[in-house]
>>> print(open('upload-v5.txt').read())   # compact mmCIF, N, CA and C atoms
# COMPACT_ATOMS: atom_id res chain seq x y z
N MET A 1 118.75 116.61 -85.02
CA MET A 1 119.84 116.21 -85.88
C MET A 1 120.85 117.35 -85.98
N SER A 2 122.09 117.03 -85.88
CA SER A 2 123.14 118.03 -85.92
C SER A 2 123.38 118.53 -87.34
N ILE A 3 123.71 119.81 -87.45
CA ILE A 3 124.03 120.37 -88.76
C ILE A 3 125.51 120.16 -89.11
N TYR A 4 126.30 119.73 -88.14
CA TYR A 4 127.72 119.53 -88.35
C TYR A 4 128.04 118.04 -88.48
N ARG A 5 129.09 117.73 -89.21
CA ARG A 5 129.57 116.35 -89.32
C ARG A 5 130.85 116.26 -88.50
N ARG A 6 130.83 115.50 -87.45
CA ARG A 6 131.97 115.39 -86.54
C ARG A 6 132.58 114.01 -86.61
N HIS A 7 133.89 113.97 -86.54
CA HIS A 7 134.60 112.70 -86.46
C HIS A 7 134.35 112.12 -85.07
N ASP A 8 133.97 110.87 -84.98
CA ASP A 8 133.59 110.27 -83.70
C ASP A 8 134.75 110.09 -82.72
N VAL A 9 135.96 109.87 -83.21
CA VAL A 9 137.08 109.59 -82.32
C VAL A 9 137.97 110.81 -82.11
N HIS A 10 138.28 111.55 -83.15
CA HIS A 10 139.16 112.72 -83.04
C HIS A 10 138.50 113.96 -83.62
N PRO A 11 137.47 114.47 -82.96
CA PRO A 11 136.79 115.64 -83.50
C PRO A 11 137.63 116.91 -83.27
N GLU A 12 137.41 117.91 -84.12
CA GLU A 12 138.06 119.21 -83.92
C GLU A 12 137.41 119.97 -82.78
N TRP A 13 136.23 119.55 -82.41
CA TRP A 13 135.46 120.16 -81.32
C TRP A 13 134.48 119.12 -80.82
N GLU A 14 134.23 119.13 -79.51
CA GLU A 14 133.19 118.24 -78.99
C GLU A 14 132.42 118.97 -77.91
N PRO A 15 131.14 118.64 -77.75
CA PRO A 15 130.31 119.35 -76.78
C PRO A 15 130.65 119.01 -75.34
N ASN A 16 130.17 119.87 -74.46
CA ASN A 16 130.29 119.65 -73.03
C ASN A 16 128.88 119.73 -72.45
N PRO A 17 128.33 118.60 -71.98
CA PRO A 17 128.93 117.28 -71.86
C PRO A 17 129.03 116.58 -73.22
N TRP A 18 129.90 115.61 -73.27
CA TRP A 18 130.22 114.94 -74.54
C TRP A 18 129.02 114.27 -75.19
N ASP A 19 128.04 113.87 -74.38
CA ASP A 19 126.89 113.15 -74.93
C ASP A 19 125.68 114.05 -75.20
N MET A 20 125.89 115.35 -75.21
CA MET A 20 124.82 116.29 -75.54
C MET A 20 124.32 116.00 -76.96
N LYS A 21 123.05 116.24 -77.19
CA LYS A 21 122.45 115.92 -78.50
C LYS A 21 121.69 117.12 -79.08
N GLY A 22 121.44 117.04 -80.38
CA GLY A 22 120.51 117.93 -81.06
C GLY A 22 120.93 119.38 -81.18
N VAL A 23 119.91 120.25 -81.16
CA VAL A 23 120.14 121.68 -81.39
C VAL A 23 121.01 122.30 -80.30
N ALA A 24 121.01 121.73 -79.10
CA ALA A 24 121.86 122.26 -78.03
C ALA A 24 123.34 122.15 -78.40
N VAL A 25 123.71 121.06 -79.08
CA VAL A 25 125.09 120.88 -79.53
C VAL A 25 125.44 121.95 -80.56
N ASP A 26 124.54 122.17 -81.51
CA ASP A 26 124.79 123.16 -82.55
C ASP A 26 124.94 124.56 -81.95
N ALA A 27 124.10 124.89 -80.98
CA ALA A 27 124.17 126.21 -80.34
C ALA A 27 125.49 126.36 -79.58
N GLN A 28 125.91 125.30 -78.91
CA GLN A 28 127.17 125.37 -78.17
C GLN A 28 128.35 125.51 -79.13
N GLU A 29 128.33 124.76 -80.22
CA GLU A 29 129.43 124.86 -81.19
C GLU A 29 129.44 126.23 -81.87
N LEU A 30 128.30 126.77 -82.18
CA LEU A 30 128.23 128.10 -82.76
C LEU A 30 128.82 129.13 -81.79
N GLY A 31 128.48 128.99 -80.50
CA GLY A 31 129.05 129.89 -79.49
C GLY A 31 130.56 129.79 -79.42
N PHE A 32 131.07 128.57 -79.55
CA PHE A 32 132.52 128.40 -79.57
C PHE A 32 133.13 129.12 -80.77
N HIS A 33 132.57 128.88 -81.96
CA HIS A 33 133.14 129.47 -83.17
C HIS A 33 133.07 131.00 -83.14
N GLU A 34 132.00 131.55 -82.57
CA GLU A 34 131.90 133.01 -82.45
C GLU A 34 133.05 133.55 -81.62
N ARG A 35 133.39 132.87 -80.55
CA ARG A 35 134.49 133.30 -79.68
C ARG A 35 135.85 132.96 -80.28
N ALA A 36 135.94 131.88 -81.03
CA ALA A 36 137.21 131.47 -81.63
C ALA A 36 137.69 132.45 -82.68
N MET A 37 136.80 133.23 -83.25
CA MET A 37 137.18 134.19 -84.29
C MET A 37 137.60 135.54 -83.72
N LYS A 38 137.52 135.71 -82.42
CA LYS A 38 137.84 137.00 -81.80
C LYS A 38 139.28 136.99 -81.27
N PRO A 39 139.97 138.13 -81.31
CA PRO A 39 141.34 138.20 -80.80
C PRO A 39 141.37 138.34 -79.27
N ILE A 40 140.91 137.33 -78.58
CA ILE A 40 140.83 137.38 -77.12
C ILE A 40 142.25 137.33 -76.53
N PRO A 41 142.61 138.33 -75.72
CA PRO A 41 143.94 138.34 -75.09
C PRO A 41 143.90 137.57 -73.76
N TRP A 42 144.47 136.39 -73.74
CA TRP A 42 144.43 135.52 -72.56
C TRP A 42 145.55 135.85 -71.59
N THR A 43 145.23 135.72 -70.30
CA THR A 43 146.19 135.93 -69.22
C THR A 43 146.36 134.61 -68.48
N PRO A 44 147.61 134.19 -68.23
CA PRO A 44 147.80 132.94 -67.48
C PRO A 44 147.30 133.09 -66.04
N ALA A 45 146.73 132.03 -65.51
CA ALA A 45 146.33 132.04 -64.09
C ALA A 45 147.60 132.20 -63.25
N PRO A 46 147.60 133.17 -62.34
CA PRO A 46 148.81 133.47 -61.55
C PRO A 46 148.98 132.55 -60.35
N TRP A 47 149.40 131.32 -60.57
CA TRP A 47 149.44 130.32 -59.50
C TRP A 47 150.31 130.75 -58.32
N ASN A 48 151.45 131.36 -58.56
CA ASN A 48 152.35 131.72 -57.47
C ASN A 48 151.98 133.02 -56.78
N ASP A 49 151.12 133.81 -57.38
CA ASP A 49 150.74 135.10 -56.81
C ASP A 49 149.26 135.36 -57.04
N PHE A 50 148.43 134.38 -56.68
CA PHE A 50 146.99 134.50 -56.90
C PHE A 50 146.45 135.61 -55.99
N PRO A 51 145.65 136.54 -56.54
CA PRO A 51 145.15 137.64 -55.73
C PRO A 51 144.27 137.15 -54.58
N PRO A 52 144.45 137.68 -53.39
CA PRO A 52 143.62 137.27 -52.25
C PRO A 52 142.13 137.50 -52.50
N SER A 53 141.81 138.51 -53.31
CA SER A 53 140.41 138.80 -53.60
C SER A 53 139.83 137.86 -54.66
N GLY A 54 140.69 137.04 -55.28
CA GLY A 54 140.24 136.09 -56.29
C GLY A 54 140.17 136.70 -57.67
N ILE A 55 139.76 135.90 -58.61
CA ILE A 55 139.55 136.32 -60.00
C ILE A 55 138.14 135.88 -60.38
N PHE A 56 137.36 136.80 -60.89
CA PHE A 56 135.96 136.53 -61.27
C PHE A 56 135.15 136.01 -60.07
N GLY A 57 135.54 136.44 -58.86
CA GLY A 57 134.82 136.03 -57.66
C GLY A 57 135.15 134.63 -57.19
N ARG A 58 136.20 134.04 -57.74
CA ARG A 58 136.59 132.67 -57.38
C ARG A 58 138.01 132.65 -56.82
N ASP A 59 138.26 131.72 -55.93
CA ASP A 59 139.59 131.63 -55.32
C ASP A 59 140.50 130.68 -56.10
N ARG A 60 141.73 130.61 -55.66
CA ARG A 60 142.75 129.78 -56.33
C ARG A 60 142.31 128.31 -56.41
N ASN A 61 141.73 127.79 -55.32
CA ASN A 61 141.31 126.38 -55.30
C ASN A 61 140.27 126.08 -56.38
N TRP A 62 139.38 127.01 -56.63
CA TRP A 62 138.37 126.80 -57.67
C TRP A 62 139.05 126.73 -59.04
N PHE A 63 140.01 127.64 -59.29
CA PHE A 63 140.74 127.62 -60.56
C PHE A 63 141.49 126.29 -60.73
N VAL A 64 142.16 125.85 -59.69
CA VAL A 64 142.91 124.59 -59.76
C VAL A 64 141.97 123.40 -59.98
N SER A 65 140.89 123.35 -59.23
CA SER A 65 139.99 122.19 -59.32
C SER A 65 139.27 122.11 -60.66
N HIS A 66 139.21 123.21 -61.39
CA HIS A 66 138.56 123.22 -62.71
C HIS A 66 139.58 123.26 -63.86
N ASP A 67 140.85 123.06 -63.55
CA ASP A 67 141.92 123.03 -64.57
C ASP A 67 141.98 124.31 -65.40
N ILE A 68 141.69 125.45 -64.78
CA ILE A 68 141.69 126.71 -65.51
C ILE A 68 143.12 127.22 -65.62
N ALA A 69 143.58 127.37 -66.85
CA ALA A 69 144.95 127.80 -67.11
C ALA A 69 145.03 129.27 -67.49
N PHE A 70 143.97 129.82 -68.09
CA PHE A 70 143.98 131.20 -68.57
C PHE A 70 142.61 131.82 -68.33
N TYR A 71 142.60 133.15 -68.27
CA TYR A 71 141.34 133.87 -68.12
C TYR A 71 141.41 135.17 -68.92
N ALA A 72 140.24 135.74 -69.21
CA ALA A 72 140.18 136.99 -69.96
C ALA A 72 138.83 137.65 -69.72
N THR A 73 138.81 138.94 -69.92
CA THR A 73 137.56 139.69 -70.02
C THR A 73 137.62 140.37 -71.38
N PHE A 74 136.61 140.12 -72.20
CA PHE A 74 136.65 140.63 -73.57
C PHE A 74 135.22 140.84 -74.06
N GLU A 75 134.96 142.02 -74.61
CA GLU A 75 133.66 142.37 -75.19
C GLU A 75 132.49 142.00 -74.28
N GLY A 76 132.60 142.37 -73.01
CA GLY A 76 131.49 142.18 -72.08
C GLY A 76 131.35 140.79 -71.49
N GLU A 77 132.36 139.94 -71.70
CA GLU A 77 132.32 138.58 -71.15
C GLU A 77 133.56 138.31 -70.31
N ASP A 78 133.35 137.58 -69.22
CA ASP A 78 134.45 136.96 -68.49
C ASP A 78 134.60 135.57 -69.08
N LEU A 79 135.83 135.19 -69.41
CA LEU A 79 136.08 133.90 -70.05
C LEU A 79 137.14 133.12 -69.29
N ILE A 80 136.98 131.81 -69.27
CA ILE A 80 137.98 130.93 -68.69
C ILE A 80 138.37 129.88 -69.74
N LEU A 81 139.66 129.62 -69.80
CA LEU A 81 140.19 128.62 -70.72
C LEU A 81 140.73 127.47 -69.89
N ILE A 82 140.15 126.33 -70.07
CA ILE A 82 140.46 125.13 -69.29
C ILE A 82 141.50 124.31 -70.06
N GLN A 83 142.53 123.88 -69.35
CA GLN A 83 143.51 122.97 -69.95
C GLN A 83 143.46 121.68 -69.16
N HIS A 84 142.79 120.69 -69.72
CA HIS A 84 142.56 119.43 -69.02
C HIS A 84 143.88 118.73 -68.71
N THR A 85 144.02 118.30 -67.47
CA THR A 85 145.20 117.55 -67.07
C THR A 85 145.28 116.24 -67.85
N TRP A 86 144.15 115.58 -67.97
CA TRP A 86 144.05 114.34 -68.74
C TRP A 86 143.24 114.65 -69.98
N HIS A 87 143.82 114.44 -71.15
CA HIS A 87 143.10 114.77 -72.37
C HIS A 87 143.47 113.80 -73.48
N GLY A 88 142.65 113.79 -74.51
CA GLY A 88 142.81 112.87 -75.63
C GLY A 88 141.93 111.66 -75.42
N PHE A 89 141.54 111.05 -76.49
CA PHE A 89 140.59 109.94 -76.45
C PHE A 89 141.01 108.86 -75.45
N PRO A 90 140.12 108.44 -74.56
CA PRO A 90 138.70 108.72 -74.49
C PRO A 90 138.36 109.95 -73.64
N ASP A 91 139.36 110.63 -73.10
CA ASP A 91 139.11 111.85 -72.34
C ASP A 91 138.81 112.99 -73.30
N PRO A 92 138.31 114.12 -72.77
CA PRO A 92 138.03 115.24 -73.68
C PRO A 92 139.32 115.79 -74.29
N PRO A 93 139.19 116.56 -75.37
CA PRO A 93 140.37 117.23 -75.92
C PRO A 93 141.02 118.14 -74.88
N GLU A 94 142.22 118.61 -75.17
CA GLU A 94 143.03 119.35 -74.18
C GLU A 94 142.36 120.61 -73.64
N TRP A 95 141.63 121.33 -74.45
CA TRP A 95 141.13 122.65 -74.06
C TRP A 95 139.62 122.69 -73.91
N GLY A 96 139.14 123.54 -73.02
CA GLY A 96 137.72 123.80 -72.86
C GLY A 96 137.51 125.29 -72.67
N LEU A 97 136.33 125.77 -72.99
CA LEU A 97 136.03 127.20 -72.91
C LEU A 97 134.70 127.41 -72.22
N ALA A 98 134.65 128.41 -71.35
CA ALA A 98 133.40 128.80 -70.71
C ALA A 98 133.40 130.31 -70.54
N SER A 99 132.20 130.89 -70.47
CA SER A 99 132.09 132.33 -70.29
C SER A 99 130.80 132.67 -69.55
N ARG A 100 130.76 133.92 -69.12
CA ARG A 100 129.53 134.48 -68.55
C ARG A 100 129.62 135.99 -68.74
N GLN A 101 128.53 136.67 -68.53
CA GLN A 101 128.52 138.12 -68.69
C GLN A 101 129.51 138.75 -67.70
N GLU A 102 130.24 139.74 -68.17
CA GLU A 102 131.28 140.39 -67.36
C GLU A 102 130.74 140.87 -66.02
N GLY A 103 131.47 140.52 -64.96
CA GLY A 103 131.17 141.00 -63.62
C GLY A 103 129.99 140.34 -62.92
N GLN A 104 129.36 139.37 -63.53
CA GLN A 104 128.21 138.70 -62.94
C GLN A 104 128.68 137.51 -62.10
N VAL A 105 129.20 137.80 -60.92
CA VAL A 105 129.86 136.80 -60.08
C VAL A 105 128.96 135.62 -59.74
N SER A 106 127.69 135.85 -59.55
CA SER A 106 126.80 134.75 -59.16
C SER A 106 126.18 134.03 -60.36
N ALA A 107 126.42 134.51 -61.57
CA ALA A 107 125.84 133.87 -62.76
C ALA A 107 126.56 132.56 -63.08
N PRO A 108 125.84 131.61 -63.64
CA PRO A 108 126.49 130.35 -64.05
C PRO A 108 127.36 130.57 -65.28
N TRP A 109 128.32 129.70 -65.46
CA TRP A 109 129.19 129.74 -66.63
C TRP A 109 128.52 128.98 -67.77
N SER A 110 128.58 129.53 -68.98
CA SER A 110 128.12 128.83 -70.18
C SER A 110 129.33 128.14 -70.79
N HIS A 111 129.21 126.85 -71.02
CA HIS A 111 130.32 126.09 -71.59
C HIS A 111 130.19 126.06 -73.11
N TRP A 112 131.34 126.17 -73.78
CA TRP A 112 131.38 126.23 -75.23
C TRP A 112 132.17 125.06 -75.82
N GLY A 113 132.21 123.96 -75.10
CA GLY A 113 132.80 122.74 -75.63
C GLY A 113 134.28 122.58 -75.37
N HIS A 114 134.82 121.50 -75.94
CA HIS A 114 136.23 121.11 -75.81
C HIS A 114 136.84 121.02 -77.20
N PHE A 115 138.15 121.27 -77.28
CA PHE A 115 138.82 121.30 -78.58
C PHE A 115 140.30 121.01 -78.38
N PRO A 116 140.95 120.38 -79.36
CA PRO A 116 142.36 119.99 -79.20
C PRO A 116 143.35 121.11 -79.51
N ASP A 117 142.94 122.10 -80.31
CA ASP A 117 143.87 123.15 -80.73
C ASP A 117 143.30 124.52 -80.41
N LEU A 118 144.18 125.43 -79.99
CA LEU A 118 143.76 126.80 -79.70
C LEU A 118 143.49 127.54 -81.01
N PRO A 119 142.42 128.33 -81.04
CA PRO A 119 142.12 129.10 -82.25
C PRO A 119 143.24 130.09 -82.58
N ASN A 120 143.50 130.27 -83.87
CA ASN A 120 144.57 131.16 -84.32
C ASN A 120 144.34 132.61 -83.95
N ALA A 121 143.09 133.03 -83.84
CA ALA A 121 142.78 134.43 -83.55
C ALA A 121 143.11 134.82 -82.11
N TRP A 122 143.16 133.85 -81.21
CA TRP A 122 143.39 134.17 -79.81
C TRP A 122 144.82 134.64 -79.58
N VAL A 123 144.96 135.59 -78.69
CA VAL A 123 146.27 136.16 -78.35
C VAL A 123 146.75 135.48 -77.07
N MET A 124 147.68 134.57 -77.26
CA MET A 124 148.19 133.77 -76.14
C MET A 124 149.55 134.32 -75.70
N PRO A 125 149.84 134.21 -74.39
CA PRO A 125 151.17 134.60 -73.92
C PRO A 125 152.24 133.70 -74.56
N ALA A 126 153.44 134.17 -74.60
CA ALA A 126 154.53 133.44 -75.24
C ALA A 126 154.82 132.09 -74.59
N THR A 127 154.33 131.85 -73.38
CA THR A 127 154.62 130.63 -72.64
C THR A 127 153.83 129.42 -73.11
N VAL A 128 152.84 129.60 -73.96
CA VAL A 128 152.00 128.46 -74.40
C VAL A 128 152.65 127.74 -75.55
>>> encode(input="upload-v5.txt", output="structure tokens")
Amino acid sequence: MSIYRRHDVHPEWEPNPWDMKGVAVDAQELGFHERAMKPIPWTPAPWNDFPPSGIFGRDRNWFVSHDIAFYATFEGEDLILIQHTWHGFPDPPEWGLASRQEGQVSAPWSHWGHFPDLPNAWVMPATV
């Protein structure tokens, strides 16, 4: 049973995958909130000048195919901020967050859910 009460149609946060249940949902949401309270300085993905060596061990095509709009390294984590091309009910909210330990290129990404609004603590470039 979830400890949070979520609106079924327009939640402020939803898990990834959307049908996740139980304590896994609570852990994912807690992970999101822990990161949402930090002043993470986001960098826009450099579409016109993507580094040949990639970012976080991934090439431009991977960033595009995963709708990654911003990235950051903060407090020992590599983070990606996803901006879904299609968003809003019944699709996921506009934004998604994932992270992994800094520099661990072969490690899987931990997803921290989807959300419609960017956290106030995050430091976004003026273009957002």
>>> closest_residue(input="upload-v5.txt", among="A:Asp26, A:Trp62, A:Phe74, A:Pro39", to="A:Met124", atoms="all atoms listed in the file")
A:Pro39
>>> closest_residue(input="upload-v5.txt", among="A:Gly103, A:Pro116, A:Pro125, A:Gly22", to="A:His87", atoms="only C-alpha atoms")
A:Pro116
>>> select_by_dssp(input="upload-v5.txt", residues="stretch 3-99 of chain A", states="strand (DSSP E)", output="ChimeraX atom specification")
/A:43-44,68-74,77-83,95-99
>>> atom_distance(input="upload-v5.txt", atom1="atom CA of A:Asn61", atom2="atom CA of A:Ala126")
24.9 Å
>>> atom_distance(input="upload-v5.txt", atom1="atom C of A:His84", atom2="atom C of A:Trp13")
15.3 Å
>>> atom_distance(input="upload-v5.txt", atom1="atom C of A:Arg100", atom2="atom CA of A:Gly113")
15.3 Å
>>> closest_residue(input="upload-v5.txt", among="A:Val105, A:Ala36, A:Val23, A:Ala72", to="A:Leu118", atoms="all atoms listed in the file")
A:Ala36
>>> residues_near_point(input="upload-v5.txt", point="(137.8, 134.3, -68.7)", cutoff="7 Å", atoms="only N, CA and C atoms", output="VMD selection string")
chain A and resid 70 to 74 77 to 81 98 to 99
>>> write_last_selection(input="upload-v5.txt", atoms="N, CA and C atoms", output="PDB file, in the coordinates of the input")
ATOM      1  N   PHE A  70     143.970 129.820 -68.090  1.00  0.00           N
ATOM      2  CA  PHE A  70     143.980 131.200 -68.570  1.00  0.00           C
ATOM      3  C   PHE A  70     142.610 131.820 -68.330  1.00  0.00           C
ATOM      4  N   TYR A  71     142.600 133.150 -68.270  1.00  0.00           N
ATOM      5  CA  TYR A  71     141.340 133.870 -68.120  1.00  0.00           C
ATOM      6  C   TYR A  71     141.410 135.170 -68.920  1.00  0.00           C
ATOM      7  N   ALA A  72     140.240 135.740 -69.210  1.00  0.00           N
ATOM      8  CA  ALA A  72     140.180 136.990 -69.960  1.00  0.00           C
ATOM      9  C   ALA A  72     138.830 137.650 -69.720  1.00  0.00           C
ATOM     10  N   THR A  73     138.810 138.940 -69.920  1.00  0.00           N
ATOM     11  CA  THR A  73     137.560 139.690 -70.020  1.00  0.00           C
ATOM     12  C   THR A  73     137.620 140.370 -71.380  1.00  0.00           C
ATOM     13  N   PHE A  74     136.610 140.120 -72.200  1.00  0.00           N
ATOM     14  CA  PHE A  74     136.650 140.630 -73.570  1.00  0.00           C
ATOM     15  C   PHE A  74     135.220 140.840 -74.060  1.00  0.00           C
ATOM     16  N   GLU A  77     132.360 139.940 -71.700  1.00  0.00           N
ATOM     17  CA  GLU A  77     132.320 138.580 -71.150  1.00  0.00           C
ATOM     18  C   GLU A  77     133.560 138.310 -70.310  1.00  0.00           C
ATOM     19  N   ASP A  78     133.350 137.580 -69.220  1.00  0.00           N
ATOM     20  CA  ASP A  78     134.450 136.960 -68.490  1.00  0.00           C
ATOM     21  C   ASP A  78     134.600 135.570 -69.080  1.00  0.00           C
ATOM     22  N   LEU A  79     135.830 135.190 -69.410  1.00  0.00           N
ATOM     23  CA  LEU A  79     136.080 133.900 -70.050  1.00  0.00           C
ATOM     24  C   LEU A  79     137.140 133.120 -69.290  1.00  0.00           C
ATOM     25  N   ILE A  80     136.980 131.810 -69.270  1.00  0.00           N
ATOM     26  CA  ILE A  80     137.980 130.930 -68.690  1.00  0.00           C
ATOM     27  C   ILE A  80     138.370 129.880 -69.740  1.00  0.00           C
ATOM     28  N   LEU A  81     139.660 129.620 -69.800  1.00  0.00           N
ATOM     29  CA  LEU A  81     140.190 128.620 -70.720  1.00  0.00           C
ATOM     30  C   LEU A  81     140.730 127.470 -69.890  1.00  0.00           C
ATOM     31  N   ALA A  98     134.650 128.410 -71.350  1.00  0.00           N
ATOM     32  CA  ALA A  98     133.400 128.800 -70.710  1.00  0.00           C
ATOM     33  C   ALA A  98     133.400 130.310 -70.540  1.00  0.00           C
ATOM     34  N   SER A  99     132.200 130.890 -70.470  1.00  0.00           N
ATOM     35  CA  SER A  99     132.090 132.330 -70.290  1.00  0.00           C
ATOM     36  C   SER A  99     130.800 132.670 -69.550  1.00  0.00           C
TER      37      SER A  99
END
>>> select_by_dssp(input="upload-v5.txt", residues="stretch 10-124 of chain A", states="helix (DSSP H, G or I)", output="JSON list (two decimals) with N, CA and C atoms, in the coordinates of the input")
[["chain", "number", "residue", "atom", "x", "y", "z"],
["A", 23, "VAL", "N", 119.91, 120.25, -81.16],
["A", 23, "VAL", "CA", 120.14, 121.68, -81.39],
["A", 23, "VAL", "C", 121.01, 122.30, -80.30],
["A", 24, "ALA", "N", 121.01, 121.73, -79.10],
["A", 24, "ALA", "CA", 121.86, 122.26, -78.03],
["A", 24, "ALA", "C", 123.34, 122.15, -78.40],
["A", 25, "VAL", "N", 123.71, 121.06, -79.08],
["A", 25, "VAL", "CA", 125.09, 120.88, -79.53],
["A", 25, "VAL", "C", 125.44, 121.95, -80.56],
["A", 26, "ASP", "N", 124.54, 122.17, -81.51],
["A", 26, "ASP", "CA", 124.79, 123.16, -82.55],
["A", 26, "ASP", "C", 124.94, 124.56, -81.95],
["A", 27, "ALA", "N", 124.10, 124.89, -80.98],
["A", 27, "ALA", "CA", 124.17, 126.21, -80.34],
["A", 27, "ALA", "C", 125.49, 126.36, -79.58],
["A", 28, "GLN", "N", 125.91, 125.30, -78.91],
["A", 28, "GLN", "CA", 127.17, 125.37, -78.17],
["A", 28, "GLN", "C", 128.35, 125.51, -79.13],
["A", 29, "GLU", "N", 128.33, 124.76, -80.22],
["A", 29, "GLU", "CA", 129.43, 124.86, -81.19],
["A", 29, "GLU", "C", 129.44, 126.23, -81.87],
["A", 30, "LEU", "N", 128.30, 126.77, -82.18],
["A", 30, "LEU", "CA", 128.23, 128.10, -82.76],
["A", 30, "LEU", "C", 128.82, 129.13, -81.79],
["A", 31, "GLY", "N", 128.48, 128.99, -80.50],
["A", 31, "GLY", "CA", 129.05, 129.89, -79.49],
["A", 31, "GLY", "C", 130.56, 129.79, -79.42],
["A", 32, "PHE", "N", 131.07, 128.57, -79.55],
["A", 32, "PHE", "CA", 132.52, 128.40, -79.57],
["A", 32, "PHE", "C", 133.13, 129.12, -80.77],
["A", 33, "HIS", "N", 132.57, 128.88, -81.96],
["A", 33, "HIS", "CA", 133.14, 129.47, -83.17],
["A", 33, "HIS", "C", 133.07, 131.00, -83.14],
["A", 34, "GLU", "N", 132.00, 131.55, -82.57],
["A", 34, "GLU", "CA", 131.90, 133.01, -82.45],
["A", 34, "GLU", "C", 133.05, 133.55, -81.62],
["A", 35, "ARG", "N", 133.39, 132.87, -80.55],
["A", 35, "ARG", "CA", 134.49, 133.30, -79.68],
["A", 35, "ARG", "C", 135.85, 132.96, -80.28],
["A", 36, "ALA", "N", 135.94, 131.88, -81.03],
["A", 36, "ALA", "CA", 137.21, 131.47, -81.63],
["A", 36, "ALA", "C", 137.69, 132.45, -82.68],
["A", 47, "TRP", "N", 149.40, 131.32, -60.57],
["A", 47, "TRP", "CA", 149.44, 130.32, -59.50],
["A", 47, "TRP", "C", 150.31, 130.75, -58.32],
["A", 48, "ASN", "N", 151.45, 131.36, -58.56],
["A", 48, "ASN", "CA", 152.35, 131.72, -57.47],
["A", 48, "ASN", "C", 151.98, 133.02, -56.78],
["A", 49, "ASP", "N", 151.12, 133.81, -57.38],
["A", 49, "ASP", "CA", 150.74, 135.10, -56.81],
["A", 49, "ASP", "C", 149.26, 135.36, -57.04],
["A", 60, "ARG", "N", 141.73, 130.61, -55.66],
["A", 60, "ARG", "CA", 142.75, 129.78, -56.33],
["A", 60, "ARG", "C", 142.31, 128.31, -56.41],
["A", 61, "ASN", "N", 141.73, 127.79, -55.32],
["A", 61, "ASN", "CA", 141.31, 126.38, -55.30],
["A", 61, "ASN", "C", 140.27, 126.08, -56.38],
["A", 62, "TRP", "N", 139.38, 127.01, -56.63],
["A", 62, "TRP", "CA", 138.37, 126.80, -57.67],
["A", 62, "TRP", "C", 139.05, 126.73, -59.04],
["A", 63, "PHE", "N", 140.01, 127.64, -59.29],
["A", 63, "PHE", "CA", 140.74, 127.62, -60.56],
["A", 63, "PHE", "C", 141.49, 126.29, -60.73],
["A", 64, "VAL", "N", 142.16, 125.85, -59.69],
["A", 64, "VAL", "CA", 142.91, 124.59, -59.76],
["A", 64, "VAL", "C", 141.97, 123.40, -59.98],
["A", 65, "SER", "N", 140.89, 123.35, -59.23],
["A", 65, "SER", "CA", 139.99, 122.19, -59.32],
["A", 65, "SER", "C", 139.27, 122.11, -60.66]]
>>> residues_around(input="upload-v5.txt", residues="A:Ile40", least_positions_apart="2", cutoff="6.5 Å", atoms="all atoms listed in the file", output="VMD selection string")
chain A and resid 37 to 38 42 74 121 to 124
>>> write_last_selection(input="upload-v5.txt", atoms="N, CA and C atoms", output="compact mmCIF listing (two decimals), in the frame of the given file")
# COMPACT_ATOMS: atom_id res chain seq x y z
N MET A 37 136.80 133.23 -83.25
CA MET A 37 137.18 134.19 -84.29
C MET A 37 137.60 135.54 -83.72
N LYS A 38 137.52 135.71 -82.42
CA LYS A 38 137.84 137.00 -81.80
C LYS A 38 139.28 136.99 -81.27
N TRP A 42 144.47 136.39 -73.74
CA TRP A 42 144.43 135.52 -72.56
C TRP A 42 145.55 135.85 -71.59
N PHE A 74 136.61 140.12 -72.20
CA PHE A 74 136.65 140.63 -73.57
C PHE A 74 135.22 140.84 -74.06
N ALA A 121 143.09 133.03 -83.84
CA ALA A 121 142.78 134.43 -83.55
C ALA A 121 143.11 134.82 -82.11
N TRP A 122 143.16 133.85 -81.21
CA TRP A 122 143.39 134.17 -79.81
C TRP A 122 144.82 134.64 -79.58
N VAL A 123 144.96 135.59 -78.69
CA VAL A 123 146.27 136.16 -78.35
C VAL A 123 146.75 135.48 -77.07
N MET A 124 147.68 134.57 -77.26
CA MET A 124 148.19 133.77 -76.14
C MET A 124 149.55 134.32 -75.70
>>> residues_around(input="upload-v5.txt", residues="A:Glu94", least_positions_apart="3", cutoff="6.5 Å", atoms="only N, CA and C atoms", output="number ranges by chain")
A: 82-84, 86-88, 114-117
>>> closest_residue(input="upload-v5.txt", among="A:Pro15, A:Gln101, A:Phe89, A:Ala69", to="A:Thr43", atoms="all atoms listed in the file")
A:Ala69
>>> residues_around(input="upload-v5.txt", residues="A:Trp112", least_positions_apart="6", cutoff="6.5 Å", atoms="all atoms listed in the file", output="JSON, numbers by chain")
{"A": [14, 15, 16, 28, 29, 31, 32, 96, 97, 98, 99]}
>>> residues_around(input="upload-v5.txt", residues="A:Arg60", least_positions_apart="3", cutoff="10 Å", atoms="only C-alpha atoms", output="PyMOL selection string")
chain A and resi 45-55+63-65+68
>>> axis_aligned_box(input="upload-v5.txt", around="stretch 77-84 of chain A", padding_each_side="3 Å", output="lines of an AutoDock Vina configuration file")
center_x = 138.1
center_y = 129.3
center_z = -70.1
size_x = 17.6
size_y = 27.2
size_z = 9.2
>>> closest_residue(input="upload-v5.txt", among="A:Pro44, A:Gly76, A:Thr85, A:Arg35", to="A:Pro119", atoms="all atoms listed in the file")
A:Arg35
